[in-house]
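These notes are about the structure you will find just below.
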Amino acid sequence: MTSEAQDPTNFLLQRLPIYREWRQHLHRHPETAFKEHETSSFVAGRLKEMGLDVACGLAGTGVVATLNGNRPGPAIGLRADMDALPIAETGSVPWRSVNPGTAHACGHDGHMTMLLAAADVLSREPDIGGTIYFVFQPAEEAAGGGRRMVEEGLFEAFPMERIFGLHNWPGLPLGQVAVKPGAMMAAMDLFSFRVRARGVHAAMPHLGTDAIVAAGALAGSLQNVVSRAIDPHHPLVLSLTQIHGGQSLNALPEHVDLQGTLRYFDEGAGAIAHRRMREIADGVARSHDVAIDIEINPAYPVTTNDVAATATMVRATKRLPQGLDIISQFTPSMASEDFAFMLQVRPGAYAWIGNGRDTALHNPDFDFNDELIPIGARYWIEVVGEALGMTDSPART
């Protein structure tokens with residue numbers, strides 16, 4: 001860094017009112033998986049204003065911008081997720097969602113803005129040795145947009161050698177980075193059961209069979225998978241998230257549907273859980289004289305950080321001006337992340353960055369902390385500096 005005027009932090013703070021407007025616009029107009037058409041258009045427009053080469057349409061609504069340096073060097077990718085959740089926002093901020101039943105309750109609006117702000121700085125840097133790909137991915141929330149981007153040729157069209165991801169994290173101090181090699185986020189399987197019975201008048205249950213009672217027995221018995229079938233040294237979470245059945249107040253339904261997720265780090269534990277879920281369903285079906293159909297679909301693999309790429313993200317924190325120590329000893333999250341599909345194809349790393357708030361992700365009152373925008377953008381800039389071997393922070397000139 002040759003002068004304070006070139007300090008990217010100063011530039012980011014000067015531009016923060018603009019970035020805040022971007023973030024709040026995105027928050028106000030959330031879109032769910034593979035429907036991020038307005039979001040994609042907005043992101044692409046900002047990137048084109050920066051003079052970057054922008055490609056749209058990968059995985060339907062994905063956006064990838066390319067910044068070619070002025071000299072040869074490594075090629076890296078920086079990824080942000082774009083989709084919102086099918087959650088009705090309960091907050092009262094002026095920029096609350098205008099799309100009923102849809103909200104940016106996980107902070108993806110902030111992730112996009114941090115990466116756009118970093119691109120804003122880096123696009124003005126005259127001396128970059130290498131190539132930077134800014135990857136804006138659709139459909140992260142249990143819809144597999146990362147997998148689809150890979151399948152549609154992300155790494156062939158944009159031949160990055162490594163890729164990095166960043167997610168805001170409640171409960172960590174503002175700007176605190178947590179990253180370590182190995183598992184960061186759990187694998188996720190999606191499962192569904194259909195309990196099929198003989199529907200009958202509620203006053204004469206003996207003439208039919210009861211799908212609701214059987215579904216209750218199934219829901220209770222499934223919890224034994226975690227408490228009695230899995231080695232406690234291998235964390236596993238089985239959660240029922242939906243139960244649907246019945247349309248009449250005076251009739252037993254013909255079927256009840258149950259759905260949920262299974263999270264784990266150890267594939268062996270996952271296989272045991274699959275087997276026990278099927279055995280429990282079979283036992284409940286026989287004891288209640290019903291039929292139970294079960295479907296288990298692996299959705300996301302474990303998000304596993306590469307050792308060398310993790311070291312890059314660790315070193316990047318040492319270049320940050322706020323001086324927060326990195327967290328490298330922590331328990332991986334049982335939540336899942338489809339950035340894992342990208343990490344299966346290219347080495348890379350995924351980090352959490354503290355948002356300084358305690359409101360949980362996926363809470364209907366969640367709102368991204370705009371104070372994190374310049375900090376997260378600066379961190380992205382330092383990751384680029386480390387990954388491309390730049391001695392000083394990339395600077396505005």
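Starting from 1 in every chain, residues are counted up; chains themselves are A, B, ... following the order of the structure tokens, and ligands are numbered from 1 as listed.
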Check your understanding: Which of segment 162-319 of chain A counts as helix (DSSP H, G or I) under DSSP, as a VMD selection string please?
Key -> chain A and resid 205 to 207 211 to 229 267 to 288 307 to 318
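Of the residues in segment 37-125 of chain A, those given strand (DSSP E or B) by DSSP on the backbone are Asp53, Val54, Ala55, Cys56, Gly57, Leu58, Gly62, Val63, Val64, Ala65, Thr66, Leu67, Asn68, Arg71, Pro72, Gly73, Pro74, Ala75, Ile76, Gly77, Leu78, Arg79, Ala80, Asp81, Leu85 and Ala103 of chain A.
Between Arg96 of chain A and the residues A:Leu190, A:Leu26, A:Val64, A:Met114, the shortest atom-to-atom distance, using only C-alpha atoms, involves A:Leu26.
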Practice item. Determine, counting only C-alpha atoms, which protein, DNA and RNA residues have an atom within 10 Å of an atom of Asp266 of chain A; residues of the same chain fewer than 3 positions away are not included. Present the result as a VMD selection string. Key: chain A and resid 186 to 187 233 to 236 263 269 to 271 302
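Atom CA of Val383 of chain A to atom CA of Ile326 of chain A spans 13.7 Å [interatomic distance, one decimal].
The closest residue to Arg357 of chain A, picked from A:Ser328, A:Thr241, A:Gln176, A:Ser41 and counting only C-alpha atoms, is A:Gln176.
The space separating atom CA of Leu238 of chain A from atom CA of Ala291 of chain A comes to 21.8 Å.
Computed from the coordinates, the atom CA of Phe158 of chain A to atom CA of Leu67 of chain A distance equals 11.1 Å.
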What are the nearest atom pairs, with distances in Å to one decimal, for all residues of segment 121-220 of chain A that come at most 10 Å from segment 48-61 of chain A, using only C-alpha atoms, set out by chain and rising residue number as JSON lines?
```
{"residue": "A:Val121", "atom": "CA", "partner": "A:Met50", "partner_atom": "CA", "distance": 9.2}
{"residue": "A:Leu122", "atom": "CA", "partner": "A:Met50", "partner_atom": "CA", "distance": 9.4}
{"residue": "A:Ser123", "atom": "CA", "partner": "A:Met50", "partner_atom": "CA", "distance": 6.3}
{"residue": "A:Arg124", "atom": "CA", "partner": "A:Met50", "partner_atom": "CA", "distance": 8.2}
{"residue": "A:Tyr133", "atom": "CA", "partner": "A:Asp53", "partner_atom": "CA", "distance": 9.7}
{"residue": "A:Phe134", "atom": "CA", "partner": "A:Val54", "partner_atom": "CA", "distance": 9.2}
{"residue": "A:Val135", "atom": "CA", "partner": "A:Ala55", "partner_atom": "CA", "distance": 9.9}
{"residue": "A:Phe136", "atom": "CA", "partner": "A:Thr61", "partner_atom": "CA", "distance": 8.9}
{"residue": "A:Gln137", "atom": "CA", "partner": "A:Thr61", "partner_atom": "CA", "distance": 7.8}
{"residue": "A:Pro138", "atom": "CA", "partner": "A:Thr61", "partner_atom": "CA", "distance": 6.2}
{"residue": "A:Ala139", "atom": "CA", "partner": "A:Ala59", "partner_atom": "CA", "distance": 8.9}
{"residue": "A:Gly144", "atom": "CA", "partner": "A:Ala59", "partner_atom": "CA", "distance": 9.8}
{"residue": "A:Gly145", "atom": "CA", "partner": "A:Ala59", "partner_atom": "CA", "distance": 6.6}
{"residue": "A:Gly146", "atom": "CA", "partner": "A:Ala59", "partner_atom": "CA", "distance": 8.3}
{"residue": "A:Arg147", "atom": "CA", "partner": "A:Ala59", "partner_atom": "CA", "distance": 8.9}
{"residue": "A:Arg148", "atom": "CA", "partner": "A:Ala59", "partner_atom": "CA", "distance": 5.6}
{"residue": "A:Met149", "atom": "CA", "partner": "A:Ala59", "partner_atom": "CA", "distance": 5.1}
{"residue": "A:Val150", "atom": "CA", "partner": "A:Ala59", "partner_atom": "CA", "distance": 8.7}
{"residue": "A:Glu151", "atom": "CA", "partner": "A:Ala59", "partner_atom": "CA", "distance": 8.6}
{"residue": "A:Glu152", "atom": "CA", "partner": "A:Ala59", "partner_atom": "CA", "distance": 6.7}
{"residue": "A:Gly153", "atom": "CA", "partner": "A:Leu58", "partner_atom": "CA", "distance": 8.2}
{"residue": "A:Leu154", "atom": "CA", "partner": "A:Leu58", "partner_atom": "CA", "distance": 7.5}
{"residue": "A:Ala157", "atom": "CA", "partner": "A:Leu58", "partner_atom": "CA", "distance": 10.0}
```
